[in-house]
Each structure stands twice: as C-alpha cells, then as structure tokens.
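Written out below as structure tokens is the structure these notes cover.
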Amino acid sequence: MTVLAVEGLHFGYTPEQLVLRGVDLELPAGRLCTILGPNGSGKTTLLRCLLGQHQPSAGTITLAGRPIASLAAKDRARQLAYVPQLPSSAFDFTVRELVSMGRYAHQGALGLHSAADLELVEHALERTGTLRFADRALGELSGGEAQCVMIARALAQQPSVMLLDEPTSHLDLRNQLLIYRLIRQLTREHGMAALVVGHDINLAARHSDQLALFGEGRVAARGTPAEVLQAPLLRETYGVEVDLWDVGEPIPVVQAREPLD
Amino acid sequence: MPRPPHIFLLALLIALFAGCDPAPSTAPEPPGAPRLASLAPALTQMTFALGLGDQVVGVSRYCNLPDGEKRPVLGDALTVSTEAVLATEPDILLIQSDPAKYATLQQLDPSLRIEHFSIETLADIPAALRRLGTLAGQPERGEQHAADLETGLDALRNQTQSLERPKVLFVMGSEKPGSAGKGSFVHELIELAGGDNAAGDLEGWPTLSLEYVLAAQPDVLICWTSTQNLDQDLERWSSLADLPAAQTGRIHMVTASSWTLPTPILLEHAQQLRAWFHPTDG
Amino acid sequence: MARRPPLTATRLALVFVGLVLLTVLVWASCTMVGRYQLTPQVWHFRAVRVFAAGLIGLALASGGLALQGLVRNPLAEPYILGISSGAGVGVLLGRSLPLDALLPRWLTEPGLAVVGALVTCFVVWGIAQRRGRLDPFVLLLAGVIVNVFNGALILVLFLFASPEDIASFIGWGMGQVPDWLITQPGLAWTATICIAAGWLFLLMRGSAFNALGMGDAVASSLGVPVQRLRVETFVVVSLMTAAAVALAGPVGFVGLIVPHACRLIFGPDHRVLVVVAGLLGAIFVMLADTACRTAGEWVGLAEIPVGVLTALAGGPFFIVLLRRRTRGIE
C-alpha cells in the first residue's frame, strides 16, 4: 500500500531555473527508501516540498491518497513526521519534554498530555534507546544520542511516514549503523514508511528496502539496492567511474575511482 | 529701466536700519531718575504697580508687562545676557535669585547696584514695595502702596477670623501636583481668606501624590494650571468621586501667573478665595 | 538536571488558580500599605492604582516571554519591536504641539502613545517581513534600527519643545503607574480587556512556542502554523505592550527579567510560563509600585517612578540568578 506518492513534481526557486523537473516517487508502507544523489540534485528541495515549505509549480503529492495541500497542518502532522539533519533546541528542555512535543498534532488547545500521550512518549523513548537520558537536556548528549531523540520525537507523532534529512551525515561509524538499523526496525515494527535523504551510498544500500537515485531534478533510477547499484547508472548520475566490489553479500560495495571530465 | 543712482540705495539701506528697532532702547523718564532693570517677574510687576514703569529699562523673558508696554528682554530663568544688560545702561539691577550669579556684571560695571530681594511671606511684600519706592527715588509712593496693602490684608484677616474654616487644598496642575505648604505665601493667603490649608503640615512647595489629596479630603480645591491644560485638569479633578470638593462642585480653576508671584495682586486673589470659601457670608 | 514531572491538566489548573489567588492576595495587601492613613477614599484610589500596576506587569512579562519564544532568544523583550520609542514619539508630539483644541489631553495622550507604538510596529513588520513571513533575526535587527530612528526623531522634537515639555516628557519616559485611571473607566476597561485577552491568547499558544524551539522546519512538521503564529504573536504582543505603555509609559526590565527569571526557576515550558511569568510579573510591579508609593519619603520625593525602581532592583537580582545558574551547570 502506497502511503506517500509524488507525481510529476516540478519546482524552481525562479521560474527559469527548475530544481525539480518531474519527480515521480512511491513510498510503500513499512519500507525504508533512501534518496541518493549528488549535491544540488534537488534531494533537499524535494524534502522541503514534501514538508510544505515550497509550493510546487506542477505535479502532485498525495499522502494516503489525499493531496497533501488539502490537509490541515495538524492532519498532515499526524501522518508525516520529520527528522532534521542537526537536532537543536533553543531552550533547555529535557529529552522527555522534547519527545512529548511530538504529540502536538494530537492535542487540544492548551497542549496538555493525556495519560495515553504520556504512555506513547515513554514507548518512543524506550524504543529508541533514549530512556536512560530522558531527564537530560539535548545539549548534553552526543550527536548520535541527539539524533535518536529526534527520531523518538518523530515516532511519538505516530506517523505513517517519517522523513529524515541526512540523519547520519555527521555521525561516526558506529552511530551511523545504529541509526539506520533503528529506522529500519521502526518501519518493521510500526508499519511506518521511512524516506531518508541519504549521503552514504553503501550505508543506504545495506539498510534500505528501496533506493531512489536522483539526478538533475528527477528520479533517474528506482528499485532495490541491487537493481540501482549499477556502474553505468552511478557513473551517469555522479559523474565518476565506480568500482563495484563483491564482498560476499547480495549488495556490492561501491567505491569511486576516477572523476569524469 | 534706468539704474537708480547709488545714493538712493544707500538712503534705502539707512532707512531700513533706522527703522529696525525691536523695542525702545530708552524709555521716556524723568531725567535723573534711576534706571531700573528687573530680572524677577514679581519685582517687575510691583515696579509698574507703583507707577514707576517709566524707569524700567529692561526685564526678563518671563516678566508680564502691562498692556501696551514693551521693554528689552535681558534674559530668562537660566541665563542673563551680559551684553543686553550693559546695553540698556541700568543703574540698579533688581533680582530675586542668587547675587553671586551676577559677579561678572558687577566687575564690568562697578557702578551698577545689584539689589537682591527675598520675598517669601506676605509680610515681605509691603517691605519690598517700600524698598522699591526708595530705590527709585519715590519713597512716598512705596509707602502709600505698602500701607494700602497692609490695610487690605488686615481687614480681610479680621473678617474671616471667627468664621468656620473649610479644608482647602491648593494644587498646581493634576499630574503629581505641587502645592503650597507652611512658609509659602499661598498658605498665608488661604489662612487669611478663612480657610484651613490641608497641606499646612508640609513645608515650602511640596509635591503631592494623589493619595495625599484623597487622604486630606479637602472641601475646596483650588487648581492653578496653564490655559492649555485647563480642560484636562478640570475634567480630572471633577471626576474624582471620592473628593468632597468634587462632590459639592467646589473646584476652582485659576490660570493667572500672579497666583504664584509675591505681588500686591495677591490681595485680590485672597479676596477671591474668601468669596469661594465663604460664599454666603457677606 | 532535576526531573520535571509532565504537565497535566490538573497541575496546570492548580498552578493557575494558585497564582491567581496569590496575585489577588498581593493586590489586597498592597492596597493596605501606603504613606497615608487608610480611609475608604484612599483605599479606593489604591485599589485602582495597584490593579493598574498588576495589569502593566502582566502585559509586559507575558509579552516579553512570548517574544523570547518567538525570536528564540532569551534576551528579547517587548521594546525590541520599537514600541516604547514609538509611543514616546507620539507622546512627545502630543505634549509639545497645541492639540488641546481637538481633545482633552487625558484622552489624546494614551491614544497618541498607542498610535505611535502601533505605527512603529507596522514599520518594523514592514522592514522585517518577506512575502508575509517573519524571520526572527531580521525582526530583531529591524527593531533596533527603528528604535534608533525614533530616538533621533525625539531629539529633533526636543529642539522645538520648551524646557518644561522636555522635562515632563523625560518624567513620562521613566515609567509611572498612572494615578488618574480611577477617573478614566473607559481607558481602564479597554486596557484590561486588551491585556487579559492577549494573555489568554498566549496561554493557548504555549505548546506551539515550545515546539518552535526546535526550529521552524520541525515545528511546522509537528503541525504548528509557524508563520501564522509569528504574525499573530507579533500583533498580540504589540497591542498588549502598547496598552501597557499607554498607561504607564515605558516601564523597563519587567519584560526581560521576569520571564527570564521564571524560565531559570520553573523551566522552559511555555504552557506553564505564560501563567507563571504573567502573574509573577503582575506581582512584581504591584510590589514595586507599593515601594514607590512609600519609599519616596526617604529620598525626599513624593513618589519614585516605578520604572526607576524596576531597573534598579531588576538588574542585580537577575545577575544573582544568572550567577547561581551558571555555577550549577559547572
């Protein structure tokens, strides 16, 4: 079942220069899809369009079959959650308080938490392994821990789709692995779809159900990692000669060898 | 068009400059009479009241002159123009402020007599009148006016001695209003006119809070204010429901600057006050 | 960091009711205190005046808190939008121009203050916004620039005003709880409704301000209508602050210190802070005003302007709080 569908999406900051030139994407429930592509190919812009920050000039975005533009802010928030690249908090809320803010879309005017809300928050903390520092401020945590907090907060929204913007770019090897594994597990357990804008090809390939290769404002290739990791495709998208190393797993390891002129 | 000869232009310029005279630089006076310059509004008023206006050669910016009279302005509350003072060639400088301020003047013109007056109470006014008369060379005029004033004040005092005294408050404006306490001549006026000054336990010219006014519960309120603020202040005081004076409509607004100047006009003001305090008593 | 229990409806209600009762208690006590003997008339006067003081404190403290949440900066305060300088221009114009022909001063002056304040807000908004969107940093900058410009305007007006007008304007600029509200029920009601309604509005936005702390993108994804919230808050805080300045002139430091001190003591949750900062702000100004009414005697004045006291008292208090807090972190 497709939870998020993008069809023919066009967008440009100026009418002459289009960044997105007809993006097509389908995200099925319970699956992790990573969008890969070179810098400036429009990945972040697509994310912003999905979040409603930009108005596309053409094309549609539908969430569970309904056009996203027709949804009220809180309705959209109940289905779509967002994890930013760099977690930040201007005021020193505790981790638990930050995660509780994920319930905003489900609350009334005063923003008070019901017992059910609080239970969901605890569950989110537990599930993401952040319970042990639930009473500390975000600033006291490491990068990986803080990222888990943001994921917990998104999880507390009980979304059907989670959007993550380069969640592992600034993390060390171990945390990169842990985060991706966590996202994968959450998709399995909660039936949630995850769309990750990724950076590291190999990391994405190992943990994603689907890859979408972005090039020049549209999806150049889409499918399972094995399908997408083809040398000609990668060469064309990234402008580099690549080597694909077989390491005894279904998915090869990609290494860039030589840039093309 | 033929060019006018240069001589006409010159004549024109001379005519222009000759006519350019903002105020008479010398007032007509009995020759030989002392030339007086007054830097205090009260002293100016008294000098003119004594009929000695002809001898006044300069005044301050805040002096009120009788209608039709003009005199050169020598300065204001903060600064006095040394040049202007010297240009009018006074013999006597009448001041109420600190004489030390005029040390420069004294040095430049040692023949200048600087006469300092301190007029704080009602009794000081007849004394000032007498002294002004003497300084101006007309002591009998000073004596006459002083005696008239004293008689008037005594008469008033006798009239009001045994009358019941309403509680009176004199306020200046409405925002954190100033008032007149013990030792000020307005206080004396109130007492003279048969009132009981509700600010009488304070000294000098205190600033009152509105709370004080309400605590004092005056029966009569005299509000001294500028014409600009008259409507606003009247509106405010009248709508103060807790004020007895407002409840009975006994709020009187006055705007003349003479209310706060120690001059013989205060007698008229005292009589006005008496009429307000005791409207039914003759 | 101490564990903060989650905020439930009961807890919030308790805090609200408790603080309202405390505020009323403080109000009642303040009306009993003063230099002069308590009579029904004196009490009546104090009742209105202390209430006005509380209203002003409520407006400035909760307005300051909302602005701090809005621009994500704990050092923001209501006057950054140019409200006090704008009101000052309006008031100075009123005092130095002969407008008495049109309307009595007591009616014109609050009106001019509000007009000046709102015109300035409008200008700040115009400078800071882009396609209807407000960027917090640009908003701060625009406010600073407009404040400076207003200051220059005031200096120009000084050139043409009389010394008495300048002196009385400087007196206004110190901030004083109004004496004459007791005779101006229209003004009193308008200000009360404006400020109370604004406070209730902010109360309902508490959790939205919380979410805003994680950044516009995250807040928006949580369902917070970020741009609409910014505009609404800007308008509401402008009105509340303009009302406070129209009543008392620019009373400083309440809008900065009270919310910040409350945040240091009670934590950053805006749902609670709007209530706490608002009512503690009211209490603070009521107590300050009482001190102003009574302590003037010791320094030979009838009264001390409340703005002087808030500045003198607020600064050091805040420094102590900040030192203790940073020591705790180490």
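Quick note on naming: the chains in the structure tokens go A, B, ... in the order shown, residues restart at 1 in each chain, and ligands are numbered from 1 in order of appearance.
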
Could you name the residues that touch Trp27 (chain C) at 12 Å or less, counting only C-alpha atoms, but leaving out those on the same chain fewer than 2 positions away, as a PyMOL selection string?
chain C and resi 20-25+29-33+43+46-55+279-280+282-290

Include C-alpha atoms and write out the residues we just selected as a short mmCIF file (atom, residue, chain, number, x, y, z; two decimals), in the first residue's frame.
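So the final result, stored in again-v4.cif, reads:
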```cif
data_model
loop_
_atom_site.label_atom_id
_atom_site.label_comp_id
_atom_site.auth_asym_id
_atom_site.auth_seq_id
_atom_site.Cartn_x
_atom_site.Cartn_y
_atom_site.Cartn_z
CA VAL C 20 -4.33 33.93 40.61
CA LEU C 21 -5.16 33.68 44.31
CA LEU C 22 -1.66 34.78 45.22
CA THR C 23 -1.94 37.74 42.87
CA VAL C 24 -5.24 38.80 44.40
CA LEU C 25 -3.72 38.42 47.85
CA SER C 29 -2.13 43.62 50.74
CA CYS C 30 -0.66 46.37 48.64
CA THR C 31 -3.83 48.38 48.93
CA MET C 32 -3.39 48.34 52.70
CA VAL C 33 0.12 49.73 52.54
CA TRP C 43 -8.39 52.50 49.60
CA ARG C 46 -5.08 52.36 45.82
CA ALA C 47 -7.32 49.55 44.62
CA VAL C 48 -7.41 51.01 41.13
CA ARG C 49 -3.76 52.01 41.10
CA VAL C 50 -2.40 48.68 42.32
CA PHE C 51 -4.67 46.93 39.84
CA ALA C 52 -3.20 49.08 37.08
CA ALA C 53 0.28 48.15 38.25
CA GLY C 54 -0.62 44.47 38.10
CA LEU C 55 -2.10 44.84 34.65
CA LEU C 279 1.18 36.64 37.19
CA LEU C 280 4.59 36.97 38.78
CA ALA C 282 1.92 41.44 37.88
CA ILE C 283 3.01 40.75 41.45
CA PHE C 284 6.45 42.22 40.82
CA VAL C 285 5.11 45.51 39.51
CA MET C 286 2.46 45.73 42.24
CA LEU C 287 5.14 45.32 44.90
CA ALA C 288 7.46 47.75 43.13
CA ASP C 289 4.67 50.29 42.90
CA THR C 290 3.94 49.93 46.60
#
```

Give me the residues within 8 Å of Thr34 (chain A) as a PDB file with C-alpha atoms, in the first residue's frame, counting only C-alpha atoms and dropping any in the same chain fewer than 6 places off.
```
ATOM      1  CA  LEU A 195      12.051   8.242   3.402  1.00  0.00           C
ATOM      2  CA  VAL A 196      15.653   9.065   4.076  1.00  0.00           C
ATOM      3  CA  VAL A 197      17.636  11.634   2.170  1.00  0.00           C
ATOM      4  CA  GLY A 198      20.973   9.970   2.333  1.00  0.00           C
ATOM      5  CA  ALA A 204      21.980   3.328   2.435  1.00  0.00           C
ATOM      6  CA  SER A 208      17.209   0.319   2.650  1.00  0.00           C
ATOM      7  CA  GLN A 210      14.486   0.780  -1.870  1.00  0.00           C
ATOM      8  CA  LEU A 211      16.863   3.287  -3.328  1.00  0.00           C
ATOM      9  CA  ALA A 212      15.931   6.252  -5.468  1.00  0.00           C
TER      10      ALA A 212
END
```

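For the residues A:Ile61, A:Ile35, A:Ala105, A:Leu131, ranking by smallest atom-to-atom distance to Lys74 (chain A) using only C-alpha atoms places A:Ala105 first.
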
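Between chain A and the residues C:Ile127, C:Leu212, C:Leu181, C:Leu118, the shortest atom-to-atom distance, using only C-alpha atoms, involves C:Leu212.
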
Which residues of chain C sit at most 8 Å from chain A, using only C-alpha atoms? Give each one's shortest atom pair and distance in Å (one decimal place), in chain and ascending residue order, as CSV.
```
residue,atom,partner,partner_atom,distance
C:Met1,CA,A:Arg136,CA,6.3
C:Ala2,CA,A:Asp135,CA,7.4
C:Arg3,CA,A:Asp135,CA,5.8
C:Arg4,CA,A:Asp135,CA,7.8
C:Pro6,CA,A:Glu97,CA,7.7
C:Leu7,CA,A:Leu112,CA,6.6
C:Thr8,CA,A:Leu112,CA,5.8
C:Ala9,CA,A:Leu112,CA,6.1
C:Arg72,CA,A:Ala90,CA,6.0
C:Asn73,CA,A:Ala90,CA,7.6
C:Leu203,CA,A:Leu110,CA,7.2
C:Met204,CA,A:Leu110,CA,5.0
C:Arg205,CA,A:Leu110,CA,7.1
C:Gly206,CA,A:Leu110,CA,7.0
C:Ser207,CA,A:Gly111,CA,5.3
C:Ala208,CA,A:Tyr104,CA,7.9
C:Asn210,CA,A:Met101,CA,7.6
C:Ala211,CA,A:Met101,CA,6.2
C:Gly213,CA,A:Ala90,CA,4.8
C:Met214,CA,A:Ser89,CA,4.6
C:Gly215,CA,A:Ser88,CA,7.2
C:Ala217,CA,A:Pro84,CA,7.8
C:Val218,CA,A:Tyr82,CA,6.4
C:Ser220,CA,A:Ala73,CA,7.8
C:Ser221,CA,A:Ala77,CA,5.7
C:Leu222,CA,A:Ala77,CA,5.1
C:Gly223,CA,A:Lys74,CA,4.4
C:Val224,CA,A:Ala73,CA,6.9
C:Pro225,CA,A:Ala73,CA,6.7
C:Gly267,CA,A:Phe93,CA,7.6
C:Pro268,CA,A:Phe91,CA,6.3
C:Asp269,CA,A:Phe93,CA,7.5
C:Arg271,CA,A:Leu110,CA,7.3
```

Residues near region 233-247 of chain B, anyone? I mean within 7 Å using only C-alpha atoms, not counting same-chain ones fewer than 3 positions away, as a list in words.
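Once the adjacent positions are removed, what remains is Gly173, Ser174, Leu214, Gln217, Pro218, Asp219, Val220, Leu221, Asn229, Leu230, Arg250 and Ile251 of chain B; Gln41 and Thr183 of chain C.
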
Which residue out of B:Leu202, B:Val85, B:Leu52, B:Ile119 has the minimum interatomic distance to Ala37 (chain B) when only C-alpha atoms are used?
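Residue with the minimum atom-to-atom distance to Ala37 (chain B): B:Val85.
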
Can you pull out the residues contacting Ile222 (chain B)? Cut-off 9 Å, using only C-alpha atoms, and skip same-chain residues under 6 positions away; I want them as a PDB file with C-alpha atoms, in the first residue's frame.
```pdb
ATOM      1  CA  VAL B 168      -8.708  73.806  51.401  1.00  0.00           C
ATOM      2  CA  LEU B 169      -6.100  72.415  49.079  1.00  0.00           C
ATOM      3  CA  PHE B 170      -4.176  74.456  46.522  1.00  0.00           C
ATOM      4  CA  VAL B 171      -2.739  72.311  43.737  1.00  0.00           C
ATOM      5  CA  MET B 172      -0.714  73.116  40.638  1.00  0.00           C
ATOM      6  CA  ARG B 250     -16.251  73.437  44.877  1.00  0.00           C
ATOM      7  CA  ILE B 251     -13.360  73.139  42.453  1.00  0.00           C
ATOM      8  CA  HIS B 252     -11.972  76.448  41.225  1.00  0.00           C
ATOM      9  CA  MET B 253      -9.537  76.692  38.339  1.00  0.00           C
ATOM     10  CA  VAL B 254      -7.153  79.636  38.129  1.00  0.00           C
ATOM     11  CA  LEU B 273     -10.524  82.994  47.870  1.00  0.00           C
TER      12      LEU B 273
END
```

Taking only region 102-213 of chain C into account, list the residues labelled strand (DSSP E) by DSSP (computed from the backbone), as a list of chain:residue names.
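Strand (DSSP E) assignments inside region 102-213 of chain C correspond to C:Gln129, C:Arg130, C:Arg133, C:Leu134.
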
Pull C-alpha atoms from the residues just selected and write them as a PDB file, in the first residue's frame.
```
ATOM      1  CA  GLN C 129       8.788  40.587   6.656  1.00  0.00           C
ATOM      2  CA  ARG C 130       9.263  38.927   3.341  1.00  0.00           C
ATOM      3  CA  ARG C 133       6.993  35.635   6.553  1.00  0.00           C
ATOM      4  CA  LEU C 134       8.889  36.845   9.604  1.00  0.00           C
TER       5      LEU C 134
END
```

Quick one: pick out all alpha helix (DSSP H) residues within region 42-254 of chain B from a backbone DSSP run and write them as a ChimeraX atom specification.
/B:42-49,82-87,103-108,124-135,139-160,185-192,210-216,230-238,244-247

Write a file of the selected residues as a PDB file, in the first residue's frame, keeping C-alpha atoms.
```pdb
ATOM      1  CA  ALA B  42       7.372  89.859  40.891  1.00  0.00           C
ATOM      2  CA  LEU B  43       9.661  92.879  41.086  1.00  0.00           C
ATOM      3  CA  THR B  44       8.697  93.996  37.600  1.00  0.00           C
ATOM      4  CA  GLN B  45       5.027  93.800  38.446  1.00  0.00           C
ATOM      5  CA  MET B  46       5.492  95.744  41.651  1.00  0.00           C
ATOM      6  CA  THR B  47       7.559  98.429  39.981  1.00  0.00           C
ATOM      7  CA  PHE B  48       4.900  99.028  37.379  1.00  0.00           C
ATOM      8  CA  ALA B  49       2.170  98.883  40.003  1.00  0.00           C
ATOM      9  CA  THR B  82      25.525  90.407  29.984  1.00  0.00           C
ATOM     10  CA  GLU B  83      25.634  92.418  26.784  1.00  0.00           C
ATOM     11  CA  ALA B  84      21.930  93.174  26.866  1.00  0.00           C
ATOM     12  CA  VAL B  85      22.130  94.320  30.472  1.00  0.00           C
ATOM     13  CA  LEU B  86      25.064  96.621  29.772  1.00  0.00           C
ATOM     14  CA  ALA B  87      23.483  97.965  26.593  1.00  0.00           C
ATOM     15  CA  ALA B 103      29.583  88.750  39.692  1.00  0.00           C
ATOM     16  CA  THR B 104      30.703  89.234  36.081  1.00  0.00           C
ATOM     17  CA  LEU B 105      28.269  92.075  35.588  1.00  0.00           C
ATOM     18  CA  GLN B 106      29.422  93.752  38.748  1.00  0.00           C
ATOM     19  CA  GLN B 107      33.030  93.548  37.606  1.00  0.00           C
ATOM     20  CA  LEU B 108      32.279  95.006  34.190  1.00  0.00           C
ATOM     21  CA  ASP B 124       7.736  90.703  52.746  1.00  0.00           C
ATOM     22  CA  ILE B 125       5.596  92.315  50.030  1.00  0.00           C
ATOM     23  CA  PRO B 126       4.903  95.691  51.676  1.00  0.00           C
ATOM     24  CA  ALA B 127       8.562  95.776  52.727  1.00  0.00           C
ATOM     25  CA  ALA B 128       9.554  95.210  49.105  1.00  0.00           C
ATOM     26  CA  LEU B 129       7.200  97.958  47.944  1.00  0.00           C
ATOM     27  CA  ARG B 130       8.739 100.422  50.352  1.00  0.00           C
ATOM     28  CA  ARG B 131      12.251  99.471  49.341  1.00  0.00           C
ATOM     29  CA  LEU B 132      11.436  99.718  45.630  1.00  0.00           C
ATOM     30  CA  GLY B 133       9.997 103.158  46.162  1.00  0.00           C
ATOM     31  CA  THR B 134      13.138 104.298  47.967  1.00  0.00           C
ATOM     32  CA  LEU B 135      15.457 102.819  45.322  1.00  0.00           C
ATOM     33  CA  PRO B 139       9.675 106.697  48.690  1.00  0.00           C
ATOM     34  CA  GLU B 140       6.251 108.216  49.262  1.00  0.00           C
ATOM     35  CA  ARG B 141       4.740 106.097  46.516  1.00  0.00           C
ATOM     36  CA  GLY B 142       6.209 102.976  48.017  1.00  0.00           C
ATOM     37  CA  GLU B 143       4.859 103.889  51.428  1.00  0.00           C
ATOM     38  CA  GLN B 144       1.390 104.597  50.042  1.00  0.00           C
ATOM     39  CA  HIS B 145       1.038 101.272  48.260  1.00  0.00           C
ATOM     40  CA  ALA B 146       2.515  99.339  51.141  1.00  0.00           C
ATOM     41  CA  ALA B 147       0.129 100.876  53.622  1.00  0.00           C
ATOM     42  CA  ASP B 148      -2.865 100.195  51.362  1.00  0.00           C
ATOM     43  CA  LEU B 149      -1.821  96.585  51.051  1.00  0.00           C
ATOM     44  CA  GLU B 150      -1.351  96.146  54.775  1.00  0.00           C
ATOM     45  CA  THR B 151      -4.717  97.695  55.484  1.00  0.00           C
ATOM     46  CA  GLY B 152      -6.400  95.433  52.994  1.00  0.00           C
ATOM     47  CA  LEU B 153      -4.776  92.317  54.415  1.00  0.00           C
ATOM     48  CA  ASP B 154      -5.657  93.229  57.976  1.00  0.00           C
ATOM     49  CA  ALA B 155      -9.260  93.945  57.036  1.00  0.00           C
ATOM     50  CA  LEU B 156      -9.529  90.567  55.433  1.00  0.00           C
ATOM     51  CA  ARG B 157      -7.976  88.864  58.422  1.00  0.00           C
ATOM     52  CA  ASN B 158     -10.482  90.457  60.759  1.00  0.00           C
ATOM     53  CA  GLN B 159     -13.418  89.491  58.577  1.00  0.00           C
ATOM     54  CA  THR B 160     -12.508  85.870  58.446  1.00  0.00           C
ATOM     55  CA  PHE B 185       2.639  82.960  50.813  1.00  0.00           C
ATOM     56  CA  VAL B 186      -0.152  80.932  49.211  1.00  0.00           C
ATOM     57  CA  HIS B 187      -0.517  79.157  52.525  1.00  0.00           C
ATOM     58  CA  GLU B 188      -0.864  82.547  54.175  1.00  0.00           C
ATOM     59  CA  LEU B 189      -3.456  83.576  51.605  1.00  0.00           C
ATOM     60  CA  ILE B 190      -5.541  80.545  52.351  1.00  0.00           C
ATOM     61  CA  GLU B 191      -5.382  81.118  56.084  1.00  0.00           C
ATOM     62  CA  LEU B 192      -6.081  84.816  55.601  1.00  0.00           C
ATOM     63  CA  LEU B 210      -2.964  61.833  44.556  1.00  0.00           C
ATOM     64  CA  GLU B 211      -3.200  59.577  47.551  1.00  0.00           C
ATOM     65  CA  TYR B 212      -2.370  62.512  49.805  1.00  0.00           C
ATOM     66  CA  VAL B 213      -5.087  64.610  48.228  1.00  0.00           C
ATOM     67  CA  LEU B 214      -7.642  61.879  48.806  1.00  0.00           C
ATOM     68  CA  ALA B 215      -6.462  61.331  52.341  1.00  0.00           C
ATOM     69  CA  ALA B 216      -6.768  65.063  53.027  1.00  0.00           C
ATOM     70  CA  LEU B 230      -7.297  73.782  31.937  1.00  0.00           C
ATOM     71  CA  ASP B 231      -9.904  71.449  30.449  1.00  0.00           C
ATOM     72  CA  GLN B 232      -7.970  68.317  31.209  1.00  0.00           C
ATOM     73  CA  ASP B 233      -7.261  69.241  34.814  1.00  0.00           C
ATOM     74  CA  LEU B 234     -10.818  70.360  35.482  1.00  0.00           C
ATOM     75  CA  GLU B 235     -12.118  67.131  33.992  1.00  0.00           C
ATOM     76  CA  ARG B 236      -9.807  65.091  36.156  1.00  0.00           C
ATOM     77  CA  TRP B 237     -10.463  66.802  39.450  1.00  0.00           C
ATOM     78  CA  SER B 238     -14.215  66.950  38.864  1.00  0.00           C
ATOM     79  CA  PRO B 244     -15.538  66.160  48.723  1.00  0.00           C
ATOM     80  CA  ALA B 245     -14.691  69.249  46.682  1.00  0.00           C
ATOM     81  CA  ALA B 246     -15.699  67.399  43.527  1.00  0.00           C
ATOM     82  CA  GLN B 247     -18.897  66.107  45.092  1.00  0.00           C
TER      83      GLN B 247
END
```

Of the candidates A:Gly223, A:Gly217, A:Pro67, A:Gly191, which shows the shortest atom-to-atom distance to Gln158 (chain A), using only C-alpha atoms?
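Among the listed residues, A:Gly191 lies closest to Gln158 (chain A).
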
Near Tyr62 (chain B), within 10 Å and counting only C-alpha atoms, which residues show up once chain neighbours fewer than 5 positions away are dropped, as a list in words?
Leu39, Ala40, Pro41, Ala42, Thr44, Val73, Gly75, Asp76, Ala77 and Ser257 of chain B

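Using only C-alpha atoms, the shortest contact distance between Ser168 (chain C) and any of C:Leu141, C:Val114, C:Val91, C:Val42 is found at C:Val91.
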